[in-house]
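K.L.:
Handing you a structure now.
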Amino acid sequence: MTPNPAGPEPGPEIVARQAVMALCADASRTELEVALTRLDVPAAEDLRAPETGLVMATGRIGGDGRPFHVGEVSVTRAAIRLADGGTGFAYHLGRDRTKARLAAILDALWQDPARRAHVAAALADAANRAEADRRKAARQTAATRVEFLTVARGED
């Protein structure tokens with residue numbers, strides 16, 4: 001068996017947290033605000049005030065070729081601690097510091113096993129909208145698909 005060069009595969013809890021963090025990054029600020037109004041949220045203090053910086057984005061030729069630098073993108077991050085001790089972190093593309101802080105609060109709430117189901121339910125609208133957007137993009141991409149047919153000419 002060949003070892004994974006990226007390290008061991010993450011466990012199911014880490015994969016689930018990554019999915020929630022990705023959903024929060026994809027959601028709008030309004031969707032995060034609405035989700036938090038549906039939850040009992042303790043006071044939150046900033047461990048690191050939300051800040052915006054630049055990150056070099058890379059791509060790969062053909063998806064799996066040599067990496068190349070696409071350019072710089074703005075990324076905002078936040079780190080918070082809830083009054084009950086939970087900590088949360090968030091990163092997202094763009095410069096919306098409030099959105100990053102709201103996402104960090106949701107991350108901290110989700111990490112408490114007693115609150116997970118409530119956080120998931122509060123984010124259901126954002127998840128449904130994100131899934132609808134993905135389906136729409138897939139339909140639009142499929143509509144532009146070109147089928148190539150190779151015809152053998154019989155001249156060997």
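Letters A, B, ... mark the chains of the structure tokens in the order given; residue numbers begin at 1 per chain; ligand numbers begin at 1, in order shown.
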Can you pull out every residue from chain A that DSSP, working from the backbone, puts in helix (DSSP H, G or I), and format the result as a PyMOL selection string?
P.N.:
chain A and resi 12-26+29-37+61-63+97-111+116-122+124-143
K.L.:
Take the residues from that selection and write them out as a short mmCIF file (atom, residue, chain, number, x, y, z; two decimals), in the first residue's frame, keeping C-alpha atoms.
P.N.:
data_model
loop_
_atom_site.label_atom_id
_atom_site.label_comp_id
_atom_site.auth_asym_id
_atom_site.auth_seq_id
_atom_site.Cartn_x
_atom_site.Cartn_y
_atom_site.Cartn_z
CA PRO A 12 -15.61 11.96 9.45
CA GLU A 13 -15.89 14.74 12.02
CA ILE A 14 -13.19 16.79 10.28
CA VAL A 15 -14.82 16.21 6.88
CA ALA A 16 -18.18 17.35 8.31
CA ARG A 17 -16.61 20.48 9.83
CA GLN A 18 -14.89 21.27 6.53
CA ALA A 19 -18.28 21.02 4.80
CA VAL A 20 -19.89 23.43 7.27
CA MET A 21 -16.97 25.86 6.97
CA ALA A 22 -17.20 25.67 3.15
CA LEU A 23 -20.94 26.33 3.34
CA CYS A 24 -20.34 29.38 5.55
CA ALA A 25 -17.70 30.66 3.10
CA ASP A 26 -20.15 30.18 0.21
CA ARG A 29 -23.60 37.69 4.90
CA THR A 30 -27.41 37.91 5.04
CA GLU A 31 -27.75 34.11 5.10
CA LEU A 32 -25.27 33.91 7.99
CA GLU A 33 -27.07 36.67 9.90
CA VAL A 34 -30.40 34.89 9.45
CA ALA A 35 -28.87 31.58 10.60
CA LEU A 36 -27.52 33.21 13.77
CA THR A 37 -30.91 34.75 14.60
CA ILE A 61 -2.79 22.99 -16.31
CA GLY A 62 -5.43 20.44 -17.23
CA GLY A 63 -6.37 20.07 -13.57
CA ARG A 97 -14.98 41.27 7.77
CA THR A 98 -18.45 40.98 9.32
CA LYS A 99 -19.17 37.88 7.24
CA ALA A 100 -15.90 36.28 8.37
CA ARG A 101 -16.77 36.94 12.03
CA LEU A 102 -20.29 35.53 11.63
CA ALA A 103 -18.87 32.40 9.96
CA ALA A 104 -16.36 31.98 12.80
CA ILE A 105 -19.19 32.16 15.35
CA LEU A 106 -21.10 29.47 13.44
CA ASP A 107 -17.95 27.32 13.32
CA ALA A 108 -17.58 27.60 17.10
CA LEU A 109 -21.24 26.73 17.64
CA TRP A 110 -21.04 23.73 15.27
CA GLN A 111 -18.07 22.26 17.18
CA ARG A 116 -24.57 20.67 15.71
CA ALA A 117 -28.09 19.76 14.65
CA HIS A 118 -29.33 23.28 15.46
CA VAL A 119 -26.53 24.89 13.43
CA ALA A 120 -27.20 22.55 10.50
CA ALA A 121 -30.91 23.40 10.63
CA ALA A 122 -30.17 27.13 10.81
CA ALA A 124 -30.43 24.73 5.77
CA ASP A 125 -31.62 27.67 3.64
CA ALA A 126 -28.05 28.55 2.68
CA ALA A 127 -27.31 24.89 1.91
CA ASN A 128 -30.43 24.60 -0.27
CA ARG A 129 -29.53 27.78 -2.18
CA ALA A 130 -25.93 26.59 -2.68
CA GLU A 131 -27.14 23.22 -3.99
CA ALA A 132 -29.59 24.92 -6.35
CA ASP A 133 -26.75 27.14 -7.63
CA ARG A 134 -24.55 24.06 -8.22
CA ARG A 135 -27.34 22.29 -10.13
CA LYS A 136 -27.97 25.39 -12.26
CA ALA A 137 -24.27 25.68 -13.09
CA ALA A 138 -24.15 21.97 -13.97
CA ARG A 139 -27.15 22.37 -16.30
CA GLN A 140 -25.57 25.40 -17.97
CA THR A 141 -22.29 23.53 -18.41
CA ALA A 142 -24.06 20.46 -19.79
CA ALA A 143 -25.89 22.64 -22.33
#
K.L.:
So that I can check the surroundings of Ala57 of chain A, please list as number ranges by chain every protein, DNA and RNA residue that reaches within 10 Å of it, counting only C-alpha atoms and ignoring chain neighbours fewer than 6 positions away.
P.N.:
A: 68-74
K.L.:
Write out as an MDAnalysis selection string the set of residues from segment 3-116 of chain A that DSSP, computed on the backbone, places in strand (DSSP E).
P.N.:
chainID A and resid 44:60 67:82 87:93
K.L.:
Which one is closest to Thr87 of chain A: A:Pro10, A:Ser28, A:Glu45, A:Phe148? Count only C-alpha atoms.
P.N.:
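Using only C-alpha atoms, the shortest distance to Thr87 of chain A belongs to A:Glu45.
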K.L.:
Nearest residue to Asp40 of chain A out of A:Arg115, A:Arg60, A:Gly88, A:Leu149, using only C-alpha atoms?
P.N.:
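Selected residue with least distance to Asp40 of chain A: A:Arg115.
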